[in-house]
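To keep things clear, I will list the structure first and then write my remarks on it.
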Amino acid sequence: MKEREDLMSTFFGTVGLFSLILAVGCIDGGYNGVPVNDNWLGFFAFTLLGISSMLVCLVTQKGE
């Protein structure tokens, strides 16, 4: 059971980190000729997924 919790913690931590990176990438741009990228729906969706995944990661580590 411990190995499963470790695996789930790693999975949710990785998903959370990549989701937050993608959230910033959705609204990045507007410098040195790069057009502004205003994908606010993607930003909020990835932010919600990232924060919730990080919270689940913390919950799975609670028993340690």
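Following the order of the structure tokens, first chain is A, next is B, and so on, with residues numbered from 1 inside each chain and ligands from 1 in the order they appear.
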List the spatial neighbours of Phe18 of chain A as a JSON list (two decimals) with C-alpha atoms, in the first residue's frame - criterion: any atom at most 8 Å away, only C-alpha atoms, same-chain residues fewer than 4 positions off excluded.
```json
[["chain", "number", "residue", "atom", "x", "y", "z"],
["A", 14, "THR", "CA", 4.24, 15.85, -11.75],
["A", 22, "LEU", "CA", 1.24, 25.17, -19.12],
["A", 50, "GLY", "CA", -2.45, 22.25, -11.16]]
```
- Query: Mind checking DSSP for chain A and telling me the helix (DSSP H, G or I) residues as an MDAnalysis selection string?
  - Reply: chainID A and resid 2:26 40:60
- Message: Given only C-alpha atoms as the basis, pick out the residue of A:Val36, A:Val24, A:Leu49, A:Met54 nearest to Thr10 of chain A.
- Response: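 Closest to Thr10 of chain A, using only C-alpha atoms: A:Met54.
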- Query: What does the distance between atom CA of Phe43 of chain A and atom CA of Cys26 of chain A come to in Å, to one decimal place?
  - Reply: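 Calculated distance between atom CA of Phe43 of chain A and atom CA of Cys26 of chain A is 5.5 Å.
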- What is the distance between atom CA of Asp6 of chain A and atom CA of Gly25 of chain A, in Å to one decimal?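 The value is 28.7 Å.
Between atom CA of Tyr31 of chain A and atom CA of Leu17 of chain A the separation is 24.7 Å.
Residues in contact range of Gly16 of chain A, defined as at most 8 Å between only C-alpha atoms, with sequence neighbours fewer than 3 positions away removed, read Phe12, Gly13, Ser19, Leu20, Leu49, Gly50, Ile51, Ser52, Ser53 and Met54 of chain A.
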Hey, can you spit out that residue selection with all heavy atoms as an mmCIF file, in the first residue's frame?
```cif
data_model
loop_
_atom_site.group_PDB
_atom_site.id
_atom_site.type_symbol
_atom_site.label_atom_id
_atom_site.label_comp_id
_atom_site.auth_asym_id
_atom_site.auth_seq_id
_atom_site.Cartn_x
_atom_site.Cartn_y
_atom_site.Cartn_z
ATOM 1 N N PHE A 12 0.672 12.854 -9.091
ATOM 2 C CA PHE A 12 -0.062 14.105 -8.915
ATOM 3 C C PHE A 12 0.876 15.301 -8.803
ATOM 4 O O PHE A 12 0.555 16.394 -9.273
ATOM 5 C CB PHE A 12 -0.982 14.024 -7.700
ATOM 6 C CG PHE A 12 -2.235 13.254 -7.962
ATOM 7 C CD1 PHE A 12 -2.481 12.076 -7.284
ATOM 8 C CD2 PHE A 12 -3.155 13.694 -8.894
ATOM 9 C CE1 PHE A 12 -3.637 11.359 -7.528
ATOM 10 C CE2 PHE A 12 -4.314 12.986 -9.142
ATOM 11 C CZ PHE A 12 -4.552 11.812 -8.466
ATOM 12 N N GLY A 13 2.040 15.124 -8.224
ATOM 13 C CA GLY A 13 3.014 16.205 -8.177
ATOM 14 C C GLY A 13 3.520 16.587 -9.554
ATOM 15 O O GLY A 13 3.651 17.775 -9.881
ATOM 16 N N SER A 19 1.046 21.252 -15.186
ATOM 17 C CA SER A 19 -0.168 22.035 -15.410
ATOM 18 C C SER A 19 0.065 23.510 -15.107
ATOM 19 O O SER A 19 -0.414 24.388 -15.840
ATOM 20 C CB SER A 19 -1.315 21.508 -14.551
ATOM 21 O OG SER A 19 -1.672 20.218 -14.940
ATOM 22 N N LEU A 20 0.802 23.793 -14.050
ATOM 23 C CA LEU A 20 1.080 25.187 -13.725
ATOM 24 C C LEU A 20 2.017 25.818 -14.753
ATOM 25 O O LEU A 20 1.878 27.003 -15.076
ATOM 26 C CB LEU A 20 1.656 25.289 -12.315
ATOM 27 C CG LEU A 20 0.663 24.927 -11.203
ATOM 28 C CD1 LEU A 20 1.367 24.923 -9.853
ATOM 29 C CD2 LEU A 20 -0.516 25.870 -11.199
ATOM 30 N N LEU A 49 -6.458 22.712 -12.464
ATOM 31 C CA LEU A 49 -5.925 21.356 -12.463
ATOM 32 C C LEU A 49 -4.616 21.277 -11.675
ATOM 33 O O LEU A 49 -4.400 20.344 -10.894
ATOM 34 C CB LEU A 49 -5.706 20.862 -13.896
ATOM 35 C CG LEU A 49 -5.102 19.481 -14.058
ATOM 36 C CD1 LEU A 49 -6.064 18.415 -13.532
ATOM 37 C CD2 LEU A 49 -4.760 19.216 -15.510
ATOM 38 N N GLY A 50 -3.736 22.256 -11.854
ATOM 39 C CA GLY A 50 -2.446 22.253 -11.163
ATOM 40 C C GLY A 50 -2.572 22.396 -9.662
ATOM 41 O O GLY A 50 -1.940 21.668 -8.902
ATOM 42 N N ILE A 51 -3.412 23.329 -9.213
ATOM 43 C CA ILE A 51 -3.571 23.531 -7.775
ATOM 44 C C ILE A 51 -4.242 22.328 -7.131
ATOM 45 O O ILE A 51 -3.819 21.864 -6.065
ATOM 46 C CB ILE A 51 -4.350 24.829 -7.508
ATOM 47 C CG1 ILE A 51 -3.485 26.033 -7.894
ATOM 48 C CG2 ILE A 51 -4.772 24.932 -6.049
ATOM 49 C CD1 ILE A 51 -4.200 27.352 -7.844
ATOM 50 N N SER A 52 -5.259 21.789 -7.796
ATOM 51 C CA SER A 52 -5.938 20.623 -7.217
ATOM 52 C C SER A 52 -5.016 19.404 -7.195
ATOM 53 O O SER A 52 -5.027 18.624 -6.235
ATOM 54 C CB SER A 52 -7.230 20.322 -7.968
ATOM 55 O OG SER A 52 -6.974 20.021 -9.317
ATOM 56 N N SER A 53 -4.201 19.227 -8.220
ATOM 57 C CA SER A 53 -3.258 18.102 -8.233
ATOM 58 C C SER A 53 -2.210 18.240 -7.137
ATOM 59 O O SER A 53 -1.841 17.251 -6.494
ATOM 60 C CB SER A 53 -2.566 17.997 -9.590
ATOM 61 O OG SER A 53 -3.473 17.663 -10.586
ATOM 62 N N MET A 54 -1.747 19.451 -6.911
ATOM 63 C CA MET A 54 -0.777 19.661 -5.838
ATOM 64 C C MET A 54 -1.399 19.411 -4.470
ATOM 65 O O MET A 54 -0.742 18.859 -3.576
ATOM 66 C CB MET A 54 -0.205 21.081 -5.905
ATOM 67 C CG MET A 54 0.734 21.291 -7.051
ATOM 68 S SD MET A 54 2.205 20.260 -6.887
ATOM 69 C CE MET A 54 3.227 20.959 -8.140
#
```
